[in-house]
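Report on the following structure.
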Amino acid sequence: MTTKTLQRGRRGRPSRDAVFARFAAAIGELANYGGLPKPYEAKKLWDDLWALEAHHSTAIEGNTLVLRQVEKLLHEGRAVGSKEIREYMEVLGYADAATWVYKQAVAPDEWEHDGLVSLTEVRRIHTLAMKKVWEVAPHPDAYDTEEPGSFRHHEIMPFSGGMQPPTFPLVPAEISAWVDEANALGQRLRHAEMPVSEVPEALARLHRRFEWIHPFIDGNGRTGRLVLNLLLVRLGWPPAIILKEQRKRYLSSLDRADNGDFGPLAEIIARCVVDSLHRLIPNIAGPVKYVPLESLADGELSIAALRQAATRGRLDAVLGADGHYRSSRAAVDEYKQSRQHTGGKAHMA
């Protein structure tokens, strides 16, 4: 891709550099709200996040439960529908792992260490993600030594994009080197040796390398995305929830990363983190704190409608130095009431 294309973006979308700048700005803005809340401070907020992630991450791997079924399963313990038990166990296991990741990242209660991640944590995540489904549908070719949490003892055939994982005797050394690389990134950020705008590509390199190592006989995609979110949340940032609708683009970006082009994967990660932040901000900022309009859009008022109302002075909002409007939940509620009083016509955007 040429520099000119990067600057212009594709089909009116922001350029990749603009996406990375937006990522850095969002991370900076998070500090204004006191950072991420602890799990015990905002239980429903975190519960909704891990339910959303459990649905989309397992769907990327072929799980067919819809979001409503996942929410019933996780919040009410009800298996709605007539899916194979394997699919319910996949979601329950992933949710267990995601819950542990978020709690361990934000408020560690075991295995506390100075780095971003440890090898023990990687194996723990895989154990939690795969244990429940393994009990009802273990991998048909797995040896007894390849149960959840244990590294593979099988060779992996090249993937469709040409990626060839390392031979299995090299897995322990490769994954240990990966942990060192992840912790080195944490040190660089701790000492401000890297601009935040460069972090998405660094995370893309780490994520691609984990998937290339393919340390386990099964569940590497799910574990890789969970470990990525452990790194993000431990850095104090929102998780990257890759939606099932992004599956084709996500897998294509992994193929391109295998060939040295990390930009597309980095862009997906950056966008997903910003989207998660927009889900979090209204809850952690409070009703009167000014937040980006993207965080306030809902089924009644789209981002375009809010922006138009702000431009016309109908919505109490301020235009920041970055060219983006900010408003508050209280101001949006007041604007909605004014629309109702006029039948929704006078202020219709």
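Residue names in the structure tokens use chain letters A, B, ... in the order shown, residue numbers from 1 in each chain, and ligand numbers from 1 in the order shown.
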
List as a tab-separated table every residue of range 94-211 of chain A that is in contact with range 235-254 of chain A, defined as an atom at most 8 Å from one of its atoms (using only C-alpha atoms), together with the nearest atom pair and the distance in Å rounded to one decimal, sorted by chain and then rising number.
residue	atom	partner	partner_atom	distance
A:Val106	CA	A:Gly236	CA	7.5
A:Leu116	CA	A:Leu235	CA	7.5
A:Gly186	CA	A:Leu235	CA	7.6
A:Arg208	CA	A:Leu254	CA	6.3

Close residues, Gly263 in chain A itself excluded, 10 Å, only C-alpha atoms, min 3 positions apart in chain, as a list in words
Met1, Arg16, Asp17, Pro200, Glu201, Ala204, Arg205, Ser253, Arg256, Ala257, Gly260, Ala266, Glu267, Ile268 and Ile269 of chain A

Among the residues A:Ile213, A:Ala54, A:Val332, A:Leu74, the one that comes closest to Ile303 in chain A [using only C-alpha atoms]
A:Val332

Would you return as a ChimeraX atom specification the members of range 141-235 of chain A that DSSP assigns to helix (DSSP H, G or I) on this structure's backbone?
/A:144-146,168-190,196-213,220-234

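Of the listed residues A:Glu294, A:Asp114, A:Asp218, A:Asp180, the one whose atoms come nearest to Leu206 in chain A is A:Asp180, with distances taken using only C-alpha atoms.
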
Which polymer residues have any atom within 10 Å of an atom of Val122 in chain A, counting only C-alpha atoms, with same-chain residues fewer than 3 positions away left out, as a short mmCIF file (atom, residue, chain, number, x, y, z; two decimals) with N, CA and C atoms, in the first residue's frame?
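This is the output file around_4.cif:
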data_model
loop_
_atom_site.label_atom_id
_atom_site.label_comp_id
_atom_site.auth_asym_id
_atom_site.auth_seq_id
_atom_site.Cartn_x
_atom_site.Cartn_y
_atom_site.Cartn_z
N VAL A 117 3.06 -10.78 31.42
CA VAL A 117 2.51 -12.12 31.35
C VAL A 117 3.57 -13.13 31.76
N SER A 118 3.14 -14.27 32.24
CA SER A 118 4.06 -15.36 32.57
C SER A 118 3.66 -16.61 31.80
N LEU A 119 4.58 -17.53 31.66
CA LEU A 119 4.29 -18.78 30.97
C LEU A 119 3.19 -19.56 31.71
N ILE A 125 -4.65 -20.02 31.13
CA ILE A 125 -5.70 -19.53 30.23
C ILE A 125 -6.18 -20.66 29.32
N HIS A 126 -5.24 -21.40 28.74
CA HIS A 126 -5.62 -22.50 27.86
C HIS A 126 -6.40 -23.57 28.64
N THR A 127 -5.97 -23.86 29.84
CA THR A 127 -6.67 -24.85 30.66
C THR A 127 -8.12 -24.44 30.88
N GLY A 149 -3.77 -27.09 28.77
CA GLY A 149 -2.66 -26.53 29.53
C GLY A 149 -1.32 -27.13 29.19
N ILE A 175 7.75 -20.49 22.97
CA ILE A 175 6.76 -19.79 23.78
C ILE A 175 7.43 -19.03 24.93
N VAL A 179 7.09 -14.99 25.62
CA VAL A 179 6.82 -14.35 26.91
C VAL A 179 7.85 -13.25 27.17
N PRO A 215 1.11 -23.29 20.20
CA PRO A 215 1.68 -24.12 21.28
C PRO A 215 0.83 -25.32 21.69
N THR A 223 -7.13 -19.00 22.81
CA THR A 223 -6.12 -18.68 23.81
C THR A 223 -5.33 -17.45 23.40
N GLY A 224 -4.98 -17.35 22.12
CA GLY A 224 -4.22 -16.20 21.64
C GLY A 224 -4.96 -14.90 21.85
N LEU A 226 -7.33 -14.36 24.10
CA LEU A 226 -7.42 -14.12 25.54
C LEU A 226 -6.09 -13.58 26.08
N VAL A 227 -4.99 -14.13 25.62
CA VAL A 227 -3.68 -13.65 26.07
C VAL A 227 -3.45 -12.21 25.60
N LEU A 230 -5.21 -10.12 27.99
CA LEU A 230 -4.48 -10.05 29.26
C LEU A 230 -3.42 -8.95 29.18
#

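Nearest residue to Leu277 in chain A among A:Glu300, A:Leu232, A:Met89, A:Pro195 is A:Leu232, counting only C-alpha atoms.
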
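Straight-line separation from CA of Gln337 in chain A to CA of Lys44 in chain A: 26.8 Å.
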
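Closest to Asp275 in chain A among A:Ala297, A:Leu128, A:Ala51, A:Ala182 is A:Ala297, based on only C-alpha atoms.
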
Would you kindly return, as a count of residues only, each protein, DNA or RNA residue with an atom no farther than 12 Å from any atom of Met157 in chain A, considering only C-alpha atoms and excluding same-chain residues fewer than 5 positions away?
10
